[in-house]
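A.B. asks: Here it is, the structure in full.
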Amino acid sequence: MSRKITAPLFAASLALIASGPSIAGPREEQLDKYASAARAANPAFAGFSAARGKTLHTQAFAGGKPATPACTSCHGNDTRGAGRNPAGKTIEAMALSASPSRYTDPAKVEKWFKRNCNEVLGRECTPLEKGDWLTFVISQ
């Protein structure tokens, strides 16, 4: 009897494994897009790093606006807590664990990367930087 129960479970498991890419969500698709772009820019690209993403989040830059030299200027050091923009408006926590609906709209993700990278770094973020940072906040 266990053979009858095991066979359907095995078949269902195989179906899930085989359909893996088709069940990827918007966050995974966004990371795949950044990975393709990072690989095109550097064939030695070996994957995103939450550690590099954390460094990007906490590092101070000189190229952007003086009031926002780092991501932490508005978002704070703890990605699980709310932040505040220079005008005092509350910003929802960046960590996925604290804001589970974040990073599901690719257009919104790009909009905020464009705005925030220019304000903090004084330039557009590279696909590697975007992927590293997104990997970092998703892991939080």
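Chain identifiers are assigned as A, B, and so on, following the order in which chains appear in the structure tokens; residues are numbered from 1 within each chain, and ligands are numbered from 1 in order of appearance.
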Once DSSP has gone over the backbone, tell me which residues of chain A are in strand (DSSP E or B), as a count of residues only.

C.D. replies: 4

A.B. asks: For Arg84 of chain A, list every protein, DNA or RNA residue within 10 Å, evaluated using only C-alpha atoms, and leave out those in the same chain fewer than 3 positions away; present the list as an mmCIF file with N, CA, C and O atoms, in the first residue's frame.

C.D. replies:
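Output file around29.cif follows:
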data_model
loop_
_atom_site.group_PDB
_atom_site.id
_atom_site.type_symbol
_atom_site.label_atom_id
_atom_site.label_comp_id
_atom_site.auth_asym_id
_atom_site.auth_seq_id
_atom_site.Cartn_x
_atom_site.Cartn_y
_atom_site.Cartn_z
ATOM 1 N N THR A 72 21.503 54.251 4.232
ATOM 2 C CA THR A 72 21.104 54.341 5.638
ATOM 3 C C THR A 72 20.679 55.754 6.034
ATOM 4 O O THR A 72 20.052 55.922 7.076
ATOM 5 N N SER A 73 21.000 56.756 5.224
ATOM 6 C CA SER A 73 20.583 58.129 5.526
ATOM 7 C C SER A 73 19.068 58.207 5.669
ATOM 8 O O SER A 73 18.566 58.947 6.519
ATOM 9 N N CYS A 74 18.358 57.452 4.853
ATOM 10 C CA CYS A 74 16.888 57.445 4.913
ATOM 11 C C CYS A 74 16.339 56.129 5.455
ATOM 12 O O CYS A 74 15.344 56.121 6.168
ATOM 13 N N HIS A 75 16.983 55.027 5.092
ATOM 14 C CA HIS A 75 16.441 53.713 5.423
ATOM 15 C C HIS A 75 16.950 53.155 6.746
ATOM 16 O O HIS A 75 16.417 52.173 7.240
ATOM 17 N N GLY A 76 17.968 53.769 7.327
ATOM 18 C CA GLY A 76 18.496 53.327 8.604
ATOM 19 C C GLY A 76 19.377 52.090 8.481
ATOM 20 O O GLY A 76 19.435 51.446 7.437
ATOM 21 N N ALA A 87 12.459 64.810 4.158
ATOM 22 C CA ALA A 87 11.293 65.639 4.504
ATOM 23 C C ALA A 87 10.549 65.100 5.727
ATOM 24 O O ALA A 87 9.579 65.699 6.182
ATOM 25 N N GLY A 88 10.997 63.948 6.264
ATOM 26 C CA GLY A 88 10.382 63.382 7.453
ATOM 27 C C GLY A 88 9.299 62.347 7.178
ATOM 28 O O GLY A 88 8.706 61.819 8.115
ATOM 29 N N LYS A 89 9.042 62.057 5.916
ATOM 30 C CA LYS A 89 8.021 61.061 5.578
ATOM 31 C C LYS A 89 8.536 59.664 5.928
ATOM 32 O O LYS A 89 9.677 59.319 5.650
ATOM 33 N N THR A 90 7.666 58.854 6.543
ATOM 34 C CA THR A 90 8.035 57.495 6.924
ATOM 35 C C THR A 90 8.191 56.620 5.680
ATOM 36 O O THR A 90 7.389 56.683 4.756
ATOM 37 N N ILE A 91 9.235 55.799 5.695
ATOM 38 C CA ILE A 91 9.505 54.849 4.623
ATOM 39 C C ILE A 91 9.342 53.452 5.201
ATOM 40 O O ILE A 91 9.932 53.132 6.231
ATOM 41 N N GLU A 92 8.555 52.639 4.533
ATOM 42 C CA GLU A 92 8.330 51.261 4.961
ATOM 43 C C GLU A 92 9.660 50.515 5.072
ATOM 44 O O GLU A 92 10.599 50.784 4.320
ATOM 45 N N ALA A 93 9.743 49.595 5.999
ATOM 46 C CA ALA A 93 10.960 48.794 6.189
ATOM 47 C C ALA A 93 11.390 48.151 4.884
ATOM 48 O O ALA A 93 10.557 47.738 4.072
#

A.B. asks: Using DSSP secondary structure from the backbone, list all helix (DSSP H, G or I) positions within chain A, as a VMD selection string.

C.D. replies: chain A and resid 2 to 18 20 to 23 26 to 41 50 to 58 72 to 75 106 to 120 127 to 139

A.B. asks: Can you list, as a compact mmCIF listing (two decimals) with N, CA, C and O atoms, in the first residue's frame, every protein, DNA or RNA residue that comes within 6 Å of segment 120-123 of chain A when you count only C-alpha atoms, leaving out same-chain residues fewer than 6 positions away?

C.D. replies:
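Output file result_9.txt follows:
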# COMPACT_ATOMS: atom_id res chain seq x y z
N PHE A 61 28.84 57.42 0.21
CA PHE A 61 29.33 57.79 -1.12
C PHE A 61 29.44 59.31 -1.19
O PHE A 61 28.69 60.03 -0.55
N GLY A 63 29.40 60.95 -4.31
CA GLY A 63 28.90 61.44 -5.59
C GLY A 63 27.46 61.90 -5.61
O GLY A 63 27.05 62.60 -6.52
N GLY A 64 26.68 61.54 -4.63
CA GLY A 64 25.27 61.88 -4.63
C GLY A 64 24.98 63.19 -3.90
O GLY A 64 25.85 64.04 -3.73
N THR A 68 22.09 62.80 1.52
CA THR A 68 21.88 61.35 1.43
C THR A 68 23.15 60.64 0.95
O THR A 68 23.18 60.08 -0.14
N PRO A 69 24.20 60.64 1.77
CA PRO A 69 25.44 60.00 1.35
C PRO A 69 25.41 58.47 1.38
O PRO A 69 26.30 57.82 0.84
N ALA A 70 24.38 57.88 2.01
CA ALA A 70 24.27 56.42 2.10
C ALA A 70 22.80 56.03 2.11
O ALA A 70 21.93 56.85 2.43

A.B. asks: Can you work out the spacing between atom CA of Pro127 of chain A and atom CA of Asn77 of chain A in Å, to one decimal?

C.D. replies: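 Taking atom CA of Pro127 of chain A as the start and atom CA of Asn77 of chain A as the end point, the length is 22.7 Å.
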
A.B. asks: In terms of the shortest atom-to-atom distance over only C-alpha atoms, which of A:Ser36, A:Phe48, A:Thr58, A:Glu29 is closest to Lys130 of chain A?

C.D. replies: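 For Lys130 of chain A, the nearest of the candidates is A:Phe48.
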
A.B. asks: I'd like the interatomic distance between atom CA of Ser49 of chain A and atom CA of Arg102 of chain A, to a tenth of an Å.

C.D. replies: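 So the two atoms, atom CA of Ser49 of chain A and atom CA of Arg102 of chain A, lie 19.3 Å apart.
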
A.B. asks: Using only C-alpha atoms, which of the listed residues (A:Asn118, A:Gln140, A:Ser97, A:Thr135) sits closest to Cys71 of chain A?

C.D. replies: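 Once distances to Cys71 of chain A are computed over only C-alpha atoms, the minimum belongs to A:Asn118.
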
A.B. asks: Kindly indicate which residue among A:Met94, A:Val137, A:Pro106, A:Ala35 lies nearest to Ala50 of chain A, using only C-alpha atoms for the distances.

C.D. replies: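 For Ala50 of chain A, the nearest of the given residues is A:Val137.
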
A.B. asks: With only C-alpha atoms as the atoms that count, which of A:Asn42, A:Ser139, A:Gln59, A:Asn116 lies nearest to Ser99 of chain A?

C.D. replies: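 Closest to Ser99 of chain A, using only C-alpha atoms: A:Ser139.
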
A.B. asks: Using only C-alpha atoms, which of A:Trp112, A:Ala67, A:Ala98, A:Glu28 sits nearest Ala82 of chain A?

C.D. replies: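 Under the stated criterion, the closest residue is A:Ala98.
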
A.B. asks: Just to confirm, what's the straight-line distance from atom CA of Thr126 of chain A to atom CA of Lys114 of chain A in Å (one decimal)?

C.D. replies: 10.3 Å

A.B. asks: Identify which of the residues A:Arg27, A:Arg39, A:Lys111, A:Arg80 lies closest to Cys125 of chain A, counting only C-alpha atoms when measuring atom-to-atom distances.

C.D. replies: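 Using only C-alpha atoms, Cys125 of chain A sits closest to A:Lys111.
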